[in-house]
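> Have a look at this one.
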Amino acid sequence: MRLCAKEVIHRHNTMIKLKRNVFRAILILTILFNYGLVSAQSKQNLNIVFIGNSITSGSGLADPTTQSPPVVACNYLRQQADIGTVDFSNQGHSGFTTVDFLPTAKAFAKVEEAAHAFTNKQALLIFSVKLGTNDSAVDGPNGAPVSPADYKQNLKAIADSLLKEFPGCIIIFQHPIWYSPNTYNGAKYLAEGLARLQSYMPQIDHLVADYTVSYPRQVFVGDKKGFAYFEKHHLTDFQPEQGHQGTFYLHPNKAGAIALGTFWGEAIDNVVKRLGK
């Protein structure tokens with residue numbers, strides 16, 4: 001049966017509209033698909049090795065495997081829009097100093113092993129370093145008391161070796177946190193140690209500044225808020241411990257670990273954001 005001219009025109013117009021609608025649908029799906037890919041690609045996956053002492057390891061907490069500051073920091077990072085997967089290794093060791101983490105020491109070998117063990121080799125490798133508490137002691141920990149100049153030199157030796165072995169890695173030096181001036185357990189810290197601890201912080205800042213030329217955008221200062229925070233909130237966020245000079249405050253409790261871990265997580269996320277710009 002032959003179609004009249006009006007029916008032919010109608011069908012032709014209908015076909016054109018259908019093709020336009022199909023084209024629009026494909027275009028919209030393509031845009032959404034591409035947007036999804038871009039969003040997925042913009043998320044940075046992380047492998048983090050936390051280097052530190054008993055504060056990092058979570059000493060005194062009921063369950064350090066779920067409550068330590070590195071766990072809190074990684075949980076914080078996983079909630080950020082710019083962060084994808086986060087794997088980590090807690091290399092915090094009670095009583096350890098920068099001397100214990102020098103490239104010739106066993107603890108450094110454990111750090112290397114942890115960094116090599118991550119399965120996602122495409123993720124950004126970060127070393128979060130929080131050392132200084134035990135270095136500052138008057139007596140007890142390995143190498144203590146460590147002078148400010150030696151503290152900086154030790155951190156440099158650690159960083160230099162990591163940067164050489166893991167090209168493209170990121171190193172973040174977190175400032176040490178406050179402890180009470182009567183702290184005296186197996187090691188002696190006291191007011192002298194606390195004053196020495198505070199002298200380390202400018203050394204961290206100066207060291208990072210030195211790296212801006214030799215390793216630009218690879219070495220950063222991390223958290224600076226922890227010291228003042230715990231000085232103010234030690235009664236609520238530290239574990240009261242008995243020592244040779246009465247009750248002292250050195251290790252975060254559960255609430256303190258959440259605060260410290262969040263500070264570290266924020267600092268790491270800020271670095272990741274800076275690298276993405």
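Letters A, B, ... mark the chains of the structure tokens in the order given; residue numbers begin at 1 per chain; ligand numbers begin at 1, in order shown.
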Excluding same-chain residues fewer than 4 positions from Gln174 of chain A, what lies within 7 Å of it counting only C-alpha atoms, as a ChimeraX atom specification?
/A:128-130,221-224
> For Phe220 of chain A, work out the shell of residues within 8 Å, counting only C-alpha atoms and skipping chain neighbours fewer than 4 positions away, then give it as a list in words.
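The residues satisfying every condition are Ile170, Ile171, Ile172, Phe173, Val208 and Val271 of chain A.
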> Could you write out the selected residues, including C-alpha atoms, as a short mmCIF file (atom, residue, chain, number, x, y, z; two decimals), in the first residue's frame?

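The result, stored in selection.cif:
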```cif
data_model
loop_
_atom_site.label_atom_id
_atom_site.label_comp_id
_atom_site.auth_asym_id
_atom_site.auth_seq_id
_atom_site.Cartn_x
_atom_site.Cartn_y
_atom_site.Cartn_z
CA ILE A 170 56.27 11.59 50.52
CA ILE A 171 57.64 12.23 54.01
CA ILE A 172 55.58 14.10 56.58
CA PHE A 173 57.17 15.11 59.88
CA VAL A 208 61.67 20.62 55.67
CA VAL A 271 49.54 17.39 51.85
#
```
> Tell me which of A:Gln218, A:His175, A:Lys164, A:Pro145 sits closest to Leu190 of chain A, counting only C-alpha atoms.
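Ranking A:Gln218, A:His175, A:Lys164, A:Pro145 by distance to Leu190 of chain A, first place goes to A:Pro145.
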> Which is closest to Val49 of chain A among A:Ala73, A:Leu162, A:Ile268, A:Leu125, if we use only C-alpha atoms?
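When distances to Val49 of chain A are compared using only C-alpha atoms, the smallest one comes from A:Leu125.
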> For Tyr200 of chain A, find every residue with an atom within 9 Å (counting only C-alpha atoms), except residues of its own chain fewer than 5 positions away, and show them as a VMD selection string.
chain A and resid 132 136 147 to 149 151 to 152 175 to 176 205
> Could the residues in this selection be written to a file with N, CA and C atoms, as an mmCIF file, in the first residue's frame?

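Once everything was written out, this is out_4.cif:
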```cif
data_model
loop_
_atom_site.group_PDB
_atom_site.id
_atom_site.type_symbol
_atom_site.label_atom_id
_atom_site.label_comp_id
_atom_site.auth_asym_id
_atom_site.auth_seq_id
_atom_site.Cartn_x
_atom_site.Cartn_y
_atom_site.Cartn_z
ATOM 1 N N GLY A 132 60.697 12.103 68.796
ATOM 2 C CA GLY A 132 61.246 13.203 69.573
ATOM 3 C C GLY A 132 61.022 13.071 71.061
ATOM 4 N N SER A 136 64.195 13.407 73.729
ATOM 5 C CA SER A 136 64.295 14.556 74.636
ATOM 6 C C SER A 136 64.589 14.167 76.078
ATOM 7 N N SER A 147 70.695 16.100 71.220
ATOM 8 C CA SER A 147 70.715 17.554 71.048
ATOM 9 C C SER A 147 69.834 17.955 69.870
ATOM 10 N N PRO A 148 69.356 19.185 69.828
ATOM 11 C CA PRO A 148 68.547 19.640 68.689
ATOM 12 C C PRO A 148 69.254 19.455 67.350
ATOM 13 N N ALA A 149 70.552 19.753 67.297
ATOM 14 C CA ALA A 149 71.303 19.602 66.045
ATOM 15 C C ALA A 149 71.373 18.141 65.619
ATOM 16 N N TYR A 151 69.274 15.795 66.542
ATOM 17 C CA TYR A 151 67.901 15.394 66.211
ATOM 18 C C TYR A 151 67.607 15.697 64.744
ATOM 19 N N LYS A 152 67.953 16.894 64.311
ATOM 20 C CA LYS A 152 67.739 17.267 62.912
ATOM 21 C C LYS A 152 68.563 16.388 61.983
ATOM 22 N N HIS A 175 54.864 17.176 64.272
ATOM 23 C CA HIS A 175 55.495 17.715 65.473
ATOM 24 C C HIS A 175 55.222 16.800 66.676
ATOM 25 N N PRO A 176 56.199 16.652 67.583
ATOM 26 C CA PRO A 176 55.961 15.889 68.813
ATOM 27 C C PRO A 176 54.900 16.564 69.676
ATOM 28 N N ASP A 205 61.020 22.163 61.178
ATOM 29 C CA ASP A 205 60.631 23.175 60.186
ATOM 30 C C ASP A 205 61.813 23.561 59.295
#
```
> Quick one: residues within 6 Å of segment 53-65 of chain A, only C-alpha atoms, excluding same-chain residues fewer than 2 positions away - as a ChimeraX atom specification?
/A:67-68,92-96,251
> My list of candidates is A:Phe263, A:His206, A:Arg217, A:Ala114. Which is closest to Lys277 of chain A when distances are computed with only C-alpha atoms?
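Closest to Lys277 of chain A, using only C-alpha atoms: A:Arg217.
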